[in-house]
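This report refers to the structure that appears directly beneath it.
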Amino acid sequence: MRRCVAFAVAAVLAVSPASADVLFGDEHLATFFAELKALKTGTAKHDAIVTVWGDSHTAADGWTSVVRSELQGRFGSGGRGFVTLGKPWKSHGQKQVTFANGPGCEGRSILDKDADPDGAYGLGGAFVQCRGRRAFVSTTFKEHVDAVSMQLGGGPEAGTVDLFLDGSFGGARNLHMAVPTVIPWVVHVPAGTAEFKIQSHDGRPFRAYGISGHRRETGAVLDALGLNGSRAENLERIDELHLLQAVARRKPSLLVLAFGTNEAGDDGDLALYAERLTRVLDKLRRGQPQAACLLVGPPDRAERVGDHWETMTRILAVSDVQRRVAREARCAFFDTLAAIGGPGTVEAWSHEDPPRAQRDHVHYTWGGYTAWGQALADALLGAFDKRL
């Protein structure tokens, strides 16, 4: 049996995360902070975009929505950011956005082995593939949008799609190409437009990679690109050129990897894990060499041992590996586990009323994700203020 570490609830509750040093290497965030400063002084010429790749903690846009809100409250909003166009899996949902698929549409991702032999999965590692005259995908923003940028898949079999803005025809696009490729489509929209629907015009197949909502004003933007059950190494299934082009199109100011919870349940060699994590990080950075980078460590995770729950020893080891990889790659590292209270937190939070952790001792409730996101936002903004 894997060795575990038990911690008393009282000890967890005594921890004061605010007094702990939880953000390391913040000097590597200098370029990102410079962009935030430009937003603050009104001299920015473009948005400061934070793009987060992660697991289920990120997929639900829990902690990320809190960081987004704090950044936008301080530096203004540049828009909701990049999300899926359509629903790549049944339970998919995020804050301030809704998704829908019509008949003939199916979501696929890097977690589906060989879903795309060419490795064309888009920026977030997921897409919706559609076929048939009634096929459609839609994304509805619950906040103000002045323009959208869509990423659609074209190729030899693709045909024409129609765009509908709140049900009204907004244009058509021919996706037929000699070779498979990603086709960007930027559309400026009337005030108040909320729903963006792409529908097949001729019944031929099309692919939807994603859509980003923009505002006329410059500001902070945060993309939450999470997949339930994913690990950092899954991003290696995306073709390198395809991913580099996707990152280059997005132009993030800060690249963030937020994995580790699922890796904590693996038995693989930690040295190999470090190598894979480094490769993924390097690949993303080649797409946007000017961007700063941040690794966000996993929160507490526990497993049942006899009649009680114990924090997984491996969650500590995974966090240590991420901190070392970040240091060697000249990236910042945020110690989520320490920031939320240390080992034993997930067990303690699961007994609160209302609980901040779910009874599976893996996932958190909205209260838990709020605490996580606030701790990260406070650490980032605190480091920013020190450098003003």
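Ordered as shown in the structure tokens, chains take letters A, B, and onward, while each chain numbers its residues from 1 and ligands are numbered from 1 in the order shown.
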
Pull the closest atom pair for each residue of stretch 65-100 of chain A that gets at most 6 Å from stretch 137-151 of chain A, along with the distance in Å to one decimal, counting only C-alpha atoms, ordering rows by chain and then ascending residue number, as a tab-separated table.
residue	atom	partner	partner_atom	distance
A:Leu85	CA	A:Thr139	CA	5.5
A:Gly86	CA	A:Val137	CA	4.5
A:Gln96	CA	A:Lys142	CA	5.0
A:Val97	CA	A:Phe141	CA	4.8
A:Thr98	CA	A:Thr140	CA	5.2
A:Phe99	CA	A:Thr139	CA	4.7
A:Ala100	CA	A:Ser138	CA	5.2

Could you write out that same residue set with C-alpha atoms as a PDB file, in the first residue's frame?
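Result went into part.pdb, see below:
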ATOM      1  CA  LEU A  85     -17.507  26.446 -28.992  1.00  0.00           C
ATOM      2  CA  GLY A  86     -20.181  23.924 -28.152  1.00  0.00           C
ATOM      3  CA  GLN A  96     -20.811  33.179 -17.124  1.00  0.00           C
ATOM      4  CA  VAL A  97     -20.959  30.923 -20.210  1.00  0.00           C
ATOM      5  CA  THR A  98     -23.317  28.194 -21.450  1.00  0.00           C
ATOM      6  CA  PHE A  99     -22.759  25.649 -24.214  1.00  0.00           C
ATOM      7  CA  ALA A 100     -24.947  23.494 -26.453  1.00  0.00           C
TER       8      ALA A 100
END

Could you give me, as a PyMOL selection string, each residue of stretch 199-375 of chain A that DSSP assigns to strand (DSSP E or B) when run on this structure's backbone?
chain A and resi 199-200+206-214+220-226+254-258+292-296+302-305+308-312+332-334+357+364

Contact check, stretch 192-274 of chain A to stretch 68-72 of chain A, at most 12 Å, counting only C-alpha atoms, closest pairs as a Markdown table:
| residue | atom | partner | partner_atom | distance |
| --- | --- | --- | --- | --- |
| A:Glu217 | CA | A:Gln72 | CA | 11.6 |
| A:Thr218 | CA | A:Gln72 | CA | 10.3 |
| A:Gly219 | CA | A:Gln72 | CA | 6.7 |
| A:Ala220 | CA | A:Gln72 | CA | 5.3 |
| A:Val221 | CA | A:Arg68 | CA | 6.8 |
| A:Leu222 | CA | A:Arg68 | CA | 5.6 |
| A:Asp223 | CA | A:Arg68 | CA | 8.7 |
| A:Ala224 | CA | A:Arg68 | CA | 9.5 |

Contacts of stretch 26-80 of chain A with stretch 364-373 of chain A up to 6 Å, shortest pair per row, only C-alpha atoms, as a tab-separated table:
residue	atom	partner	partner_atom	distance
A:Gly62	CA	A:Tyr369	CA	5.4
A:Trp63	CA	A:Gly373	CA	4.1
A:Val66	CA	A:Gly373	CA	5.1
A:Val67	CA	A:Gly373	CA	5.4

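Restricting the calculation to only C-alpha atoms, the smallest distance between A:Glu263 and any of A:Asp162, A:Asp378, A:Glu233, A:Glu275 is found for A:Glu233.
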
Selection near stretch 128-131 of chain A, 9 Å with only C-alpha atoms, sequence-local residues under 4 positions removed, as a ChimeraX atom specification:
/A:84-89,101-109,135-137,153,200,203-210

Could the residues in this selection be written to a file with N, CA and C atoms, as a PDB file, in the first residue's frame?
ATOM      1  N   THR A  84     -14.728  26.809 -25.033  1.00  0.00           N
ATOM      2  CA  THR A  84     -15.119  25.901 -26.101  1.00  0.00           C
ATOM      3  C   THR A  84     -16.276  26.490 -26.899  1.00  0.00           C
ATOM      4  N   LEU A  85     -16.369  26.106 -28.145  1.00  0.00           N
ATOM      5  CA  LEU A  85     -17.507  26.446 -28.992  1.00  0.00           C
ATOM      6  C   LEU A  85     -18.346  25.179 -29.072  1.00  0.00           C
ATOM      7  N   GLY A  86     -19.438  25.159 -28.321  1.00  0.00           N
ATOM      8  CA  GLY A  86     -20.181  23.924 -28.152  1.00  0.00           C
ATOM      9  C   GLY A  86     -19.743  23.210 -26.893  1.00  0.00           C
ATOM     10  N   LYS A  87     -20.281  22.006 -26.695  1.00  0.00           N
ATOM     11  CA  LYS A  87     -20.101  21.261 -25.441  1.00  0.00           C
ATOM     12  C   LYS A  87     -19.287  19.992 -25.720  1.00  0.00           C
ATOM     13  N   PRO A  88     -17.991  19.984 -25.397  1.00  0.00           N
ATOM     14  CA  PRO A  88     -17.157  18.817 -25.717  1.00  0.00           C
ATOM     15  C   PRO A  88     -17.403  17.595 -24.841  1.00  0.00           C
ATOM     16  N   TRP A  89     -18.047  17.764 -23.692  1.00  0.00           N
ATOM     17  CA  TRP A  89     -18.487  16.618 -22.891  1.00  0.00           C
ATOM     18  C   TRP A  89     -19.735  17.025 -22.118  1.00  0.00           C
ATOM     19  N   ASN A 101     -24.903  21.661 -28.026  1.00  0.00           N
ATOM     20  CA  ASN A 101     -24.652  20.972 -29.291  1.00  0.00           C
ATOM     21  C   ASN A 101     -25.973  20.549 -29.911  1.00  0.00           C
ATOM     22  N   GLY A 102     -26.022  20.535 -31.232  1.00  0.00           N
ATOM     23  CA  GLY A 102     -27.160  19.990 -31.938  1.00  0.00           C
ATOM     24  C   GLY A 102     -26.914  18.542 -32.314  1.00  0.00           C
ATOM     25  N   PRO A 103     -27.862  17.911 -33.002  1.00  0.00           N
ATOM     26  CA  PRO A 103     -27.691  16.517 -33.428  1.00  0.00           C
ATOM     27  C   PRO A 103     -26.528  16.396 -34.401  1.00  0.00           C
ATOM     28  N   GLY A 104     -25.849  15.269 -34.327  1.00  0.00           N
ATOM     29  CA  GLY A 104     -24.731  15.034 -35.230  1.00  0.00           C
ATOM     30  C   GLY A 104     -23.425  15.625 -34.762  1.00  0.00           C
ATOM     31  N   CYS A 105     -23.377  16.120 -33.505  1.00  0.00           N
ATOM     32  CA  CYS A 105     -22.164  16.735 -32.968  1.00  0.00           C
ATOM     33  C   CYS A 105     -21.647  15.919 -31.783  1.00  0.00           C
ATOM     34  N   GLU A 106     -20.349  15.706 -31.756  1.00  0.00           N
ATOM     35  CA  GLU A 106     -19.732  14.886 -30.713  1.00  0.00           C
ATOM     36  C   GLU A 106     -18.429  15.522 -30.267  1.00  0.00           C
ATOM     37  N   GLY A 107     -18.256  15.627 -28.963  1.00  0.00           N
ATOM     38  CA  GLY A 107     -17.028  16.184 -28.425  1.00  0.00           C
ATOM     39  C   GLY A 107     -15.927  15.155 -28.322  1.00  0.00           C
ATOM     40  N   ARG A 108     -14.696  15.583 -28.573  1.00  0.00           N
ATOM     41  CA  ARG A 108     -13.523  14.720 -28.454  1.00  0.00           C
ATOM     42  C   ARG A 108     -12.411  15.521 -27.776  1.00  0.00           C
ATOM     43  N   SER A 109     -11.450  14.808 -27.194  1.00  0.00           N
ATOM     44  CA  SER A 109     -10.356  15.503 -26.524  1.00  0.00           C
ATOM     45  C   SER A 109      -9.097  14.656 -26.531  1.00  0.00           C
ATOM     46  N   ALA A 135     -26.841  19.910 -37.733  1.00  0.00           N
ATOM     47  CA  ALA A 135     -25.743  19.993 -36.767  1.00  0.00           C
ATOM     48  C   ALA A 135     -25.417  21.447 -36.427  1.00  0.00           C
ATOM     49  N   PHE A 136     -25.230  21.719 -35.138  1.00  0.00           N
ATOM     50  CA  PHE A 136     -24.807  23.053 -34.719  1.00  0.00           C
ATOM     51  C   PHE A 136     -24.103  22.981 -33.380  1.00  0.00           C
ATOM     52  N   VAL A 137     -23.318  23.996 -33.110  1.00  0.00           N
ATOM     53  CA  VAL A 137     -22.734  24.217 -31.789  1.00  0.00           C
ATOM     54  C   VAL A 137     -23.013  25.661 -31.410  1.00  0.00           C
ATOM     55  N   GLY A 153     -12.335  24.223 -37.745  1.00  0.00           N
ATOM     56  CA  GLY A 153     -11.488  23.290 -38.477  1.00  0.00           C
ATOM     57  C   GLY A 153     -11.939  23.127 -39.914  1.00  0.00           C
ATOM     58  N   SER A 200     -24.263  23.929 -39.665  1.00  0.00           N
ATOM     59  CA  SER A 200     -23.926  23.446 -40.997  1.00  0.00           C
ATOM     60  C   SER A 200     -24.888  24.022 -42.030  1.00  0.00           C
ATOM     61  N   GLY A 203     -24.636  20.304 -44.688  1.00  0.00           N
ATOM     62  CA  GLY A 203     -24.585  18.948 -44.146  1.00  0.00           C
ATOM     63  C   GLY A 203     -23.199  18.345 -44.101  1.00  0.00           C
ATOM     64  N   ARG A 204     -22.217  19.018 -44.658  1.00  0.00           N
ATOM     65  CA  ARG A 204     -20.853  18.490 -44.652  1.00  0.00           C
ATOM     66  C   ARG A 204     -20.216  18.740 -43.283  1.00  0.00           C
ATOM     67  N   PRO A 205     -19.192  17.974 -42.929  1.00  0.00           N
ATOM     68  CA  PRO A 205     -18.636  18.054 -41.571  1.00  0.00           C
ATOM     69  C   PRO A 205     -17.901  19.371 -41.295  1.00  0.00           C
ATOM     70  N   PHE A 206     -17.904  19.753 -40.036  1.00  0.00           N
ATOM     71  CA  PHE A 206     -17.082  20.871 -39.581  1.00  0.00           C
ATOM     72  C   PHE A 206     -16.636  20.592 -38.157  1.00  0.00           C
ATOM     73  N   ARG A 207     -15.618  21.292 -37.750  1.00  0.00           N
ATOM     74  CA  ARG A 207     -15.052  21.115 -36.416  1.00  0.00           C
ATOM     75  C   ARG A 207     -14.982  22.470 -35.721  1.00  0.00           C
ATOM     76  N   ALA A 208     -15.353  22.498 -34.440  1.00  0.00           N
ATOM     77  CA  ALA A 208     -15.303  23.722 -33.642  1.00  0.00           C
ATOM     78  C   ALA A 208     -14.277  23.554 -32.531  1.00  0.00           C
ATOM     79  N   TYR A 209     -13.237  24.378 -32.556  1.00  0.00           N
ATOM     80  CA  TYR A 209     -12.190  24.311 -31.538  1.00  0.00           C
ATOM     81  C   TYR A 209     -12.471  25.236 -30.356  1.00  0.00           C
ATOM     82  N   GLY A 210     -13.011  26.415 -30.632  1.00  0.00           N
ATOM     83  CA  GLY A 210     -13.255  27.320 -29.520  1.00  0.00           C
ATOM     84  C   GLY A 210     -13.624  28.713 -29.983  1.00  0.00           C
TER      85      GLY A 210
END

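Between A:Asn228 and the candidates A:Glu195, A:Glu157, A:Asp61, A:Glu240, the tightest atom-to-atom separation, counting only C-alpha atoms, involves A:Asp61.
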
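With only C-alpha atoms as the atoms that count, the residue of A:Ile183, A:Val22, A:Gly81, A:His28 with the shortest distance to A:Ser319 is A:Val22.
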
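Contact shell of stretch 320-330 of chain A at 9 Å (only C-alpha atoms; same-chain neighbours under 2 positions omitted): A:Phe24, A:Gly25, A:Glu27, A:His28, A:Gly260, A:Leu270, A:Ala271, A:Tyr273, A:Ala274, A:Glu275, A:Leu277, A:Thr278, A:Leu281, A:Asp282, A:Ala292, A:Cys293, A:Leu294, A:Leu295, A:Val296, A:Gly297, A:Ile315, A:Leu316, A:Ala317, A:Val318, A:Ala332, A:Phe333, A:Phe334, A:Asp335.
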
Using C-alpha atoms, can you write the selected residues to a file as an mmCIF file, in the first residue's frame?
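Now in out.cif:
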data_model
loop_
_atom_site.group_PDB
_atom_site.id
_atom_site.type_symbol
_atom_site.label_atom_id
_atom_site.label_comp_id
_atom_site.auth_asym_id
_atom_site.auth_seq_id
_atom_site.Cartn_x
_atom_site.Cartn_y
_atom_site.Cartn_z
ATOM 1 C CA PHE A 24 8.092 31.411 -5.421
ATOM 2 C CA GLY A 25 10.116 32.916 -8.265
ATOM 3 C CA GLU A 27 10.741 37.715 -10.405
ATOM 4 C CA HIS A 28 9.963 35.542 -13.428
ATOM 5 C CA GLY A 260 -0.917 17.385 -10.230
ATOM 6 C CA LEU A 270 8.789 11.008 -10.413
ATOM 7 C CA ALA A 271 11.913 11.685 -12.474
ATOM 8 C CA TYR A 273 7.101 12.925 -14.471
ATOM 9 C CA ALA A 274 9.508 15.850 -14.179
ATOM 10 C CA GLU A 275 10.835 15.201 -17.690
ATOM 11 C CA LEU A 277 6.252 18.217 -17.351
ATOM 12 C CA THR A 278 9.345 20.045 -18.584
ATOM 13 C CA LEU A 281 6.144 23.516 -20.518
ATOM 14 C CA ASP A 282 8.874 24.002 -23.129
ATOM 15 C CA ALA A 292 5.878 34.694 -18.396
ATOM 16 C CA CYS A 293 5.066 31.293 -16.913
ATOM 17 C CA LEU A 294 3.590 29.963 -13.696
ATOM 18 C CA LEU A 295 3.096 26.459 -12.345
ATOM 19 C CA VAL A 296 0.178 26.123 -9.923
ATOM 20 C CA GLY A 297 0.663 23.175 -7.604
ATOM 21 C CA ILE A 315 0.708 14.895 -3.482
ATOM 22 C CA LEU A 316 3.615 16.398 -1.546
ATOM 23 C CA ALA A 317 6.160 14.812 -3.887
ATOM 24 C CA VAL A 318 4.329 16.037 -6.996
ATOM 25 C CA ALA A 332 7.081 31.096 -10.915
ATOM 26 C CA PHE A 333 5.488 28.446 -8.686
ATOM 27 C CA PHE A 334 2.397 28.769 -6.489
ATOM 28 C CA ASP A 335 2.164 26.250 -3.646
#

Per-residue DSSP, stretch 45-292 of chain A, filtered to alpha helix (DSSP H), as a VMD selection string
chain A and resid 56 to 59 63 to 75 240 to 250 270 to 287

Using only C-alpha atoms, which protein or nucleic acid residues come within 7 Å of A:Ala232? Drop anything in the same chain fewer than 3 positions from it, and give the result as a short mmCIF file (atom, residue, chain, number, x, y, z; two decimals) with N, CA and C atoms, in the first residue's frame.
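Ended up saving to selection_11.cif:
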data_model
loop_
_atom_site.label_atom_id
_atom_site.label_comp_id
_atom_site.auth_asym_id
_atom_site.auth_seq_id
_atom_site.Cartn_x
_atom_site.Cartn_y
_atom_site.Cartn_z
N LEU A 235 -1.08 16.76 -22.81
CA LEU A 235 -0.90 17.81 -23.81
C LEU A 235 0.11 17.42 -24.88
N PHE A 259 -1.73 21.39 -12.87
CA PHE A 259 -1.98 19.95 -12.82
C PHE A 259 -1.41 19.38 -11.52
N LEU A 277 6.75 16.90 -17.69
CA LEU A 277 6.25 18.22 -17.35
C LEU A 277 7.12 19.30 -17.99
N VAL A 280 6.37 19.52 -21.79
CA VAL A 280 5.10 20.22 -22.06
C VAL A 280 5.27 21.72 -21.87
#

Env of A:Pro343: 7 Å cut, atoms = only C-alpha atoms, seq-sep filter 2 positions within chain, self excluded. Answer as an MDAnalysis selection string.
chainID A and resid 7 300 311 337 341 345

For N, CA and C atoms, I'd like the residues from the last selection saved as an mmCIF file, in the first residue's frame.
data_model
loop_
_atom_site.group_PDB
_atom_site.id
_atom_site.type_symbol
_atom_site.label_atom_id
_atom_site.label_comp_id
_atom_site.auth_asym_id
_atom_site.auth_seq_id
_atom_site.Cartn_x
_atom_site.Cartn_y
_atom_site.Cartn_z
ATOM 1 N N PHE A 7 -2.826 13.727 9.441
ATOM 2 C CA PHE A 7 -2.690 15.014 10.120
ATOM 3 C C PHE A 7 -3.960 15.303 10.900
ATOM 4 N N ASP A 300 -4.742 19.900 -1.683
ATOM 5 C CA ASP A 300 -4.715 18.674 -0.886
ATOM 6 C C ASP A 300 -5.626 17.613 -1.498
ATOM 7 N N THR A 311 -3.877 12.337 3.909
ATOM 8 C CA THR A 311 -3.317 13.012 2.734
ATOM 9 C C THR A 311 -2.332 12.086 2.028
ATOM 10 N N LEU A 337 -1.130 23.820 -2.031
ATOM 11 C CA LEU A 337 -1.322 23.020 -0.826
ATOM 12 C C LEU A 337 -1.031 23.851 0.424
ATOM 13 N N GLY A 341 -3.855 25.704 3.450
ATOM 14 C CA GLY A 341 -3.822 25.200 4.823
ATOM 15 C C GLY A 341 -2.940 24.001 5.059
ATOM 16 N N THR A 345 -6.125 19.482 4.923
ATOM 17 C CA THR A 345 -7.146 20.493 4.645
ATOM 18 C C THR A 345 -8.400 19.889 4.031
#

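Between atom CA of A:Val256 and atom CA of A:Trp349 the interatomic distance comes to 26.1 Å.
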